[in-house]
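Enquirer: Here it is, the structure, as structure tokens.
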Amino acid sequence: MPPNIFRANWTAQPVTPLPEKQVDLPPTVLLRNTTKAMFQTFTAGLGGTCERFEPAVGYWCSTAVQGGGSTIYQVPIAMQVGVETLPHLPYAHPKSAIVQTWRPGHWASWMYEVGDVTPLPSGGFNFSFASGGFQGSRGAATGEDSYIENIFEELDSPGEWFLNESTRVLYL
């Protein structure tokens with residue numbers, strides 16, 4: 001049974017830090033395709049948005065990215081959903097939650113471990129992310145189709161599960 005898919009409102013990173021340094025490798029150093037307009041120089045950004053990676057370097061962390069989805073790396077830091085979207089809120093153990101979401105255009109997906117879940121004045125909830133979002137490299141400010149897993153209150157269909165890490169009990 002597929003999980004319950006939903007769309008959320010997203011909080012982007014407040015500021016996209018620029019790389020501390022960039023390294024450009026011209027086409028004479030690396031093998032390039034025959035496209036004349038793009039991809040003639042490989043640029044790697046050091047630090048900045050790559051600070052969360054080890055090593056802290058990457059193509060999508062430079063300011064000279066090219067091709068589809070050409071923006072410096074960024075990912076959302078939180079999402080907001082209402083109880084009409086996730087009717088079992090609030091959860092007893094929200095920090096066990098894992099949010100799976102497609103990045104815009106469904107090029108890749110991200111997985112986030114939830115940090116905190118706090119109520120919103122609107123009656124919904126804000127899910128801040130503790131870690132994740134580095135799958136798919138390119139990043140974006142928002143996600144698209146999403147689902148949540150490893151939440152006891154959401155066990156309502158065959159094939160779903162919840163692992164209570166403190167008691168080491170798996171619920172199916």
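Identifiers in the structure tokens: chain A, B, ... in order shown; residue index from 1 per chain; ligand index from 1 in order shown.
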Any chance you could tabulate, as a tab-separated table, the residues of stretch 31-117 of chain A at most 12 Å from stretch 146-149 of chain A with each one's nearest atom pair and distance in Å to one decimal, using only C-alpha atoms, in chain and rising number order?

Expert:
residue	atom	partner	partner_atom	distance
A:Met79	CA	A:Ser146	CA	10.4
A:Gln80	CA	A:Ser146	CA	11.9
A:Val81	CA	A:Ser146	CA	11.0
A:Thr85	CA	A:Tyr147	CA	10.4
A:Leu86	CA	A:Ile148	CA	9.1
A:His88	CA	A:Ile148	CA	11.6
A:Leu89	CA	A:Ile148	CA	11.8
A:Tyr91	CA	A:Ile148	CA	11.8
A:His93	CA	A:Glu149	CA	11.9
A:Pro94	CA	A:Glu149	CA	10.3
A:Lys95	CA	A:Glu149	CA	11.1
A:Ser96	CA	A:Glu149	CA	8.6
A:Ala97	CA	A:Glu149	CA	5.8
A:Ile98	CA	A:Glu149	CA	5.3
A:Val99	CA	A:Ile148	CA	4.6
A:Gln100	CA	A:Tyr147	CA	5.4
A:Thr101	CA	A:Ser146	CA	4.1
A:Trp102	CA	A:Ser146	CA	6.5
A:Arg103	CA	A:Ser146	CA	9.3
A:Pro104	CA	A:Ser146	CA	11.1
A:His106	CA	A:Ser146	CA	11.0
A:Ser109	CA	A:Ser146	CA	9.3
A:Trp110	CA	A:Ser146	CA	9.4
A:Met111	CA	A:Ser146	CA	9.7
A:Tyr112	CA	A:Ile148	CA	9.6
A:Glu113	CA	A:Glu149	CA	10.0
A:Val114	CA	A:Ile148	CA	9.8

Enquirer: Could you please take those selected residues and save N, CA and C atoms as a short mmCIF file (atom, residue, chain, number, x, y, z; two decimals), in the first residue's frame?

Expert:
data_model
loop_
_atom_site.label_atom_id
_atom_site.label_comp_id
_atom_site.auth_asym_id
_atom_site.auth_seq_id
_atom_site.Cartn_x
_atom_site.Cartn_y
_atom_site.Cartn_z
N MET A 79 9.15 22.25 7.33
CA MET A 79 7.90 22.22 6.57
C MET A 79 6.75 22.47 7.54
N GLN A 80 5.66 23.00 7.00
CA GLN A 80 4.48 23.26 7.79
C GLN A 80 3.30 22.50 7.18
N VAL A 81 2.56 21.80 8.05
CA VAL A 81 1.38 21.05 7.60
C VAL A 81 0.26 21.27 8.61
N THR A 85 -4.08 17.67 6.81
CA THR A 85 -3.12 16.91 6.01
C THR A 85 -2.64 15.67 6.77
N LEU A 86 -2.28 15.85 8.02
CA LEU A 86 -1.84 14.75 8.88
C LEU A 86 -2.77 14.73 10.10
N HIS A 88 -3.51 12.76 12.44
CA HIS A 88 -3.12 12.14 13.71
C HIS A 88 -2.21 13.02 14.55
N LEU A 89 -1.93 14.25 14.09
CA LEU A 89 -1.13 15.19 14.87
C LEU A 89 -1.92 15.63 16.10
N TYR A 91 1.93 14.22 17.48
CA TYR A 91 2.50 12.90 17.69
C TYR A 91 3.16 12.82 19.06
N HIS A 93 5.85 10.96 19.73
CA HIS A 93 7.30 10.92 19.54
C HIS A 93 7.66 11.48 18.17
N PRO A 94 7.49 12.78 17.96
CA PRO A 94 7.72 13.34 16.62
C PRO A 94 9.17 13.28 16.15
N LYS A 95 10.13 13.21 17.09
CA LYS A 95 11.54 13.19 16.68
C LYS A 95 11.93 11.86 16.05
N SER A 96 11.06 10.86 16.10
CA SER A 96 11.35 9.60 15.41
C SER A 96 10.96 9.66 13.94
N ALA A 97 10.27 10.73 13.54
CA ALA A 97 9.73 10.84 12.19
C ALA A 97 10.82 11.02 11.14
N ILE A 98 10.53 10.46 9.99
CA ILE A 98 11.35 10.65 8.80
C ILE A 98 10.43 11.17 7.71
N VAL A 99 10.80 12.30 7.12
CA VAL A 99 10.02 12.88 6.02
C VAL A 99 10.74 12.56 4.71
N GLN A 100 10.01 11.97 3.79
CA GLN A 100 10.51 11.69 2.44
C GLN A 100 9.80 12.67 1.51
N THR A 101 10.55 13.33 0.65
CA THR A 101 9.94 14.28 -0.28
C THR A 101 10.69 14.31 -1.60
N TRP A 102 9.95 14.55 -2.65
CA TRP A 102 10.56 14.81 -3.95
C TRP A 102 11.01 16.25 -4.00
N ARG A 103 12.15 16.52 -4.61
CA ARG A 103 12.51 17.90 -4.88
C ARG A 103 11.69 18.35 -6.09
N PRO A 104 11.52 19.65 -6.34
CA PRO A 104 10.71 20.10 -7.46
C PRO A 104 11.14 19.46 -8.79
N HIS A 106 10.69 16.42 -9.51
CA HIS A 106 10.91 14.99 -9.26
C HIS A 106 12.22 14.47 -9.82
N SER A 109 14.95 12.70 -4.76
CA SER A 109 14.18 12.84 -3.52
C SER A 109 15.12 13.09 -2.35
N TRP A 110 14.55 13.63 -1.29
CA TRP A 110 15.30 13.90 -0.06
C TRP A 110 14.68 13.12 1.08
N MET A 111 15.48 12.82 2.06
CA MET A 111 15.01 12.23 3.30
C MET A 111 15.50 13.12 4.44
N TYR A 112 14.59 13.44 5.35
CA TYR A 112 14.93 14.28 6.50
C TYR A 112 14.59 13.55 7.80
N GLU A 113 15.46 13.67 8.78
CA GLU A 113 15.12 13.29 10.15
C GLU A 113 14.52 14.53 10.80
N VAL A 114 13.39 14.35 11.47
CA VAL A 114 12.71 15.48 12.09
C VAL A 114 13.41 15.84 13.40
#

Enquirer: Taking the DSSP assignment computed from this structure's backbone, write out as a PyMOL selection string all residues of stretch 8-137 of chain A that belong to strand (DSSP E or B).

Expert: chain A and resi 9-11+21-25+42-46+57-58+74+78-81+98-102+109-119+125-132

Enquirer: Work out how far atom CA of A:Thr63 is from atom CA of A:Pro17, in Å to one decimal.

Expert: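 So the two atoms, atom CA of A:Pro17 and atom CA of A:Thr63, lie 10.4 Å apart.
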
Enquirer: List every residue of stretch 53-170 of chain A that has an atom at most 7 Å from any atom of stretch 42-45 of chain A, giving for each one its closest atom pair and the distance in Å to one decimal, counting only C-alpha atoms, sorted by chain and then by ascending residue number, as JSON lines.

Expert:
{"residue": "A:Val57", "atom": "CA", "partner": "A:Gly45", "partner_atom": "CA", "distance": 5.6}
{"residue": "A:Gly58", "atom": "CA", "partner": "A:Ala44", "partner_atom": "CA", "distance": 5.1}
{"residue": "A:Tyr59", "atom": "CA", "partner": "A:Ala44", "partner_atom": "CA", "distance": 4.4}
{"residue": "A:Cys61", "atom": "CA", "partner": "A:Gly45", "partner_atom": "CA", "distance": 4.8}
{"residue": "A:Ser62", "atom": "CA", "partner": "A:Gly45", "partner_atom": "CA", "distance": 3.9}
{"residue": "A:Ala64", "atom": "CA", "partner": "A:Thr43", "partner_atom": "CA", "distance": 6.4}

Enquirer: For a test of reading the model, state the distance in Å between atom CA of A:Ile151 and atom CA of A:Tyr73, rounded to one decimal.

Expert: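 Between these atoms lies a distance of 29.5 Å.
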